[in-house]
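**Student:** Have a look at this one.
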Amino acid sequence: MKNILRHWILPTIHVLLIFFLCVTPWILPRQYILIIFILYRLQLIIFSGCVLSKLQFWSTNEWFYYYYIKKICPNIRHTTINIVVDTILPLIIILVAYVLQN
């Protein structure tokens with residue numbers, strides 16, 4: 001059961017959440033999107049990382065994005081992924097929401 005949870009259920013939840021976040025500019029008002037990203041940042045600060053990643057990998061060092069992107073680009077640095085995922089991607093999503101909703 002633990003293997004099914006770690007290798008199928010949690011990765012599926014991760015992918016669905018990522019997909020949901022990427023389509024939020026088309027389905028949610030930008031104020032809600034800002035709240036979602038603030039809650040995401042609070043999660044990273046309070047729990048020292050993503051709760052789903054901790055459940056999936058049983059580690060604070062391994063993150064969902066980094067784990068799978070590392071398989072495609074083995075030379076990529078963890079800090080590069082963190083900057084893109086935690087800073088650039090949220091800004092792009094918020095900017096898209098702002099443009100679409102004005």
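Chain labels A, B, ... are given in the sequence in which chains occur in the structure tokens; within each chain residues are numbered consecutively from 1, and ligands are likewise numbered from 1 in the order shown.
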Find the spatial neighbours of A:Ile33, counting only C-alpha atoms, within a cut-off of 10 Å - ignore same-chain residues fewer than 4 positions away - and output them as a list in words.

**Tutor:**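 My reading of the contact set: Leu21, Thr24, Pro25, Ile27, Leu28, Pro29, Phe37, Ile38, Leu39, Pro90, Ile93, Ile94 and Ala97 of chain A.
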
**Student:** Take the residues from that selection and write them out as a short mmCIF file (atom, residue, chain, number, x, y, z; two decimals), in the first residue's frame, keeping C-alpha atoms.

**Tutor:**
```cif
data_model
loop_
_atom_site.label_atom_id
_atom_site.label_comp_id
_atom_site.auth_asym_id
_atom_site.auth_seq_id
_atom_site.Cartn_x
_atom_site.Cartn_y
_atom_site.Cartn_z
CA LEU A 21 -2.43 26.05 -10.77
CA THR A 24 -6.19 29.16 -12.60
CA PRO A 25 -5.91 32.40 -14.62
CA ILE A 27 -11.02 29.84 -13.92
CA LEU A 28 -10.34 31.91 -10.77
CA PRO A 29 -10.25 35.62 -10.00
CA PHE A 37 0.37 31.42 -3.89
CA ILE A 38 0.64 33.10 -0.48
CA LEU A 39 -0.61 29.88 1.13
CA PRO A 90 3.93 32.10 -9.82
CA ILE A 93 0.63 32.85 -13.62
CA ILE A 94 -0.35 36.00 -11.71
CA ALA A 97 -4.38 36.27 -14.73
#
```

**Student:** Could you produce a table of the residues of stretch 34-83 of chain A lying within 8 Å of stretch 4-19 of chain A, with the nearest pair of atoms per residue and their separation in Å rounded to one decimal, using only C-alpha atoms, ordered by chain and increasing residue number, as JSON lines?

**Tutor:**
```
{"residue": "A:Leu52", "atom": "CA", "partner": "A:Leu10", "partner_atom": "CA", "distance": 6.8}
{"residue": "A:Leu55", "atom": "CA", "partner": "A:Arg6", "partner_atom": "CA", "distance": 7.4}
{"residue": "A:Gln56", "atom": "CA", "partner": "A:Arg6", "partner_atom": "CA", "distance": 4.8}
{"residue": "A:Phe57", "atom": "CA", "partner": "A:Arg6", "partner_atom": "CA", "distance": 7.3}
{"residue": "A:Phe64", "atom": "CA", "partner": "A:His14", "partner_atom": "CA", "distance": 7.6}
```

**Student:** Taking the backbone alone, and naming residues the way the document does, which bits of stretch 1-48 of chain A are alpha helix (DSSP H) by DSSP, as an MDAnalysis selection string?

**Tutor:** chainID A and resid 2:4 10:27 30:47

**Student:** Could you write those residues out with N, CA and C atoms, as a CSV table (one decimal), in the first residue's frame?

**Tutor:**
```csv
chain,number,residue,atom,x,y,z
A,2,LYS,N,2.0,1.2,0.7
A,2,LYS,CA,2.9,2.4,0.8
A,2,LYS,C,3.4,2.7,-0.6
A,3,ASN,N,3.8,1.7,-1.3
A,3,ASN,CA,4.3,1.9,-2.7
A,3,ASN,C,3.3,2.5,-3.6
A,4,ILE,N,2.0,2.0,-3.5
A,4,ILE,CA,1.0,2.6,-4.4
A,4,ILE,C,0.8,4.1,-4.0
A,10,LEU,N,0.3,9.9,-4.8
A,10,LEU,CA,0.9,11.2,-4.6
A,10,LEU,C,1.4,11.9,-5.8
A,11,PRO,N,2.1,11.2,-6.7
A,11,PRO,CA,2.5,11.9,-8.0
A,11,PRO,C,1.3,12.3,-8.8
A,12,THR,N,0.2,11.6,-8.8
A,12,THR,CA,-1.0,12.0,-9.5
A,12,THR,C,-1.6,13.2,-8.9
A,13,ILE,N,-1.7,13.3,-7.6
A,13,ILE,CA,-2.2,14.5,-6.9
A,13,ILE,C,-1.3,15.7,-7.2
A,14,HIS,N,0.0,15.5,-7.2
A,14,HIS,CA,1.0,16.5,-7.6
A,14,HIS,C,0.7,17.1,-9.0
A,15,VAL,N,0.6,16.2,-9.9
A,15,VAL,CA,0.3,16.6,-11.3
A,15,VAL,C,-1.0,17.3,-11.5
A,16,LEU,N,-2.0,16.8,-10.8
A,16,LEU,CA,-3.3,17.5,-10.9
A,16,LEU,C,-3.3,18.9,-10.2
A,17,LEU,N,-2.6,19.0,-9.1
A,17,LEU,CA,-2.4,20.4,-8.5
A,17,LEU,C,-1.7,21.3,-9.4
A,18,ILE,N,-0.6,20.8,-10.0
A,18,ILE,CA,0.2,21.7,-10.9
A,18,ILE,C,-0.6,22.1,-12.1
A,19,PHE,N,-1.4,21.2,-12.7
A,19,PHE,CA,-2.3,21.5,-13.8
A,19,PHE,C,-3.3,22.5,-13.3
A,20,PHE,N,-3.9,22.3,-12.2
A,20,PHE,CA,-4.9,23.3,-11.7
A,20,PHE,C,-4.3,24.7,-11.5
A,21,LEU,N,-3.1,24.7,-11.0
A,21,LEU,CA,-2.4,26.1,-10.8
A,21,LEU,C,-2.1,26.7,-12.1
A,22,CYS,N,-1.8,25.9,-13.1
A,22,CYS,CA,-1.5,26.5,-14.4
A,22,CYS,C,-2.7,27.0,-15.1
A,23,VAL,N,-3.9,26.5,-14.8
A,23,VAL,CA,-5.1,26.9,-15.5
A,23,VAL,C,-5.9,27.9,-14.7
A,24,THR,N,-5.4,28.2,-13.5
A,24,THR,CA,-6.2,29.2,-12.6
A,24,THR,C,-6.5,30.5,-13.2
A,25,PRO,N,-5.6,31.1,-14.0
A,25,PRO,CA,-5.9,32.4,-14.6
A,25,PRO,C,-7.2,32.4,-15.4
A,26,TRP,N,-7.6,31.3,-15.9
A,26,TRP,CA,-8.8,31.2,-16.7
A,26,TRP,C,-10.0,30.8,-15.9
A,27,ILE,N,-9.9,30.3,-14.7
A,27,ILE,CA,-11.0,29.8,-13.9
A,27,ILE,C,-11.2,30.5,-12.6
A,30,ARG,N,-8.1,36.8,-9.9
A,30,ARG,CA,-6.7,36.9,-9.6
A,30,ARG,C,-6.5,37.1,-8.1
A,31,GLN,N,-7.5,37.6,-7.3
A,31,GLN,CA,-7.3,37.7,-5.9
A,31,GLN,C,-7.2,36.3,-5.2
A,32,TYR,N,-7.9,35.3,-5.7
A,32,TYR,CA,-7.8,34.0,-5.2
A,32,TYR,C,-6.5,33.3,-5.6
A,33,ILE,N,-6.0,33.7,-6.8
A,33,ILE,CA,-4.7,33.1,-7.2
A,33,ILE,C,-3.6,33.6,-6.3
A,34,LEU,N,-3.7,34.9,-6.0
A,34,LEU,CA,-2.7,35.5,-5.0
A,34,LEU,C,-2.8,34.8,-3.7
A,35,ILE,N,-4.0,34.5,-3.2
A,35,ILE,CA,-4.1,33.8,-1.9
A,35,ILE,C,-3.5,32.4,-2.0
A,36,ILE,N,-3.8,31.7,-3.1
A,36,ILE,CA,-3.2,30.4,-3.3
A,36,ILE,C,-1.7,30.4,-3.2
A,37,PHE,N,-1.1,31.4,-3.9
A,37,PHE,CA,0.4,31.4,-3.9
A,37,PHE,C,0.9,31.9,-2.5
A,38,ILE,N,0.2,32.7,-1.8
A,38,ILE,CA,0.6,33.1,-0.5
A,38,ILE,C,0.6,31.9,0.4
A,39,LEU,N,-0.5,31.1,0.3
A,39,LEU,CA,-0.6,29.9,1.1
A,39,LEU,C,0.5,28.9,0.8
A,40,TYR,N,0.8,28.8,-0.5
A,40,TYR,CA,1.9,27.9,-0.9
A,40,TYR,C,3.2,28.3,-0.3
A,41,ARG,N,3.5,29.7,-0.3
A,41,ARG,CA,4.7,30.2,0.3
A,41,ARG,C,4.8,29.9,1.8
A,42,LEU,N,3.6,30.1,2.4
A,42,LEU,CA,3.5,29.8,3.9
A,42,LEU,C,3.8,28.4,4.2
A,43,GLN,N,3.3,27.5,3.3
A,43,GLN,CA,3.5,26.1,3.5
A,43,GLN,C,5.0,25.8,3.4
A,44,LEU,N,5.7,26.4,2.5
A,44,LEU,CA,7.2,26.2,2.3
A,44,LEU,C,7.9,26.7,3.6
A,45,ILE,N,7.5,27.8,4.1
A,45,ILE,CA,8.1,28.4,5.3
A,45,ILE,C,7.8,27.6,6.6
A,46,ILE,N,6.5,27.3,6.8
A,46,ILE,CA,6.1,26.6,8.0
A,46,ILE,C,6.6,25.1,8.1
A,47,PHE,N,6.5,24.4,7.0
A,47,PHE,CA,6.8,23.0,6.9
A,47,PHE,C,8.2,22.7,6.3
```

**Student:** Just to confirm, what's the straight-line distance from atom CA of A:Lys70 to atom CA of A:Val84 in Å (one decimal)?

**Tutor:**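 Taking atom CA of A:Lys70 and atom CA of A:Val84, their separation equals 14.0 Å.
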
**Student:** Quick one: distance from atom CA of A:Thr79 to atom CA of A:Leu95 in Å, one decimal?

**Tutor:** 22.9 Å

**Student:** Find the residues around A:Tyr65 up to 8 Å (only C-alpha atoms counted), leave out those fewer than 4 positions away in its own chain, and share them as a PDB file with C-alpha atoms, in the first residue's frame.

**Tutor:**
```pdb
ATOM      1  CA  ILE A  69      13.313  17.309 -14.100  1.00  0.00           C
ATOM      2  CA  ILE A  81      14.552  24.676 -10.250  1.00  0.00           C
ATOM      3  CA  VAL A  85       9.124  27.021  -9.588  1.00  0.00           C
TER       4      VAL A  85
END
```
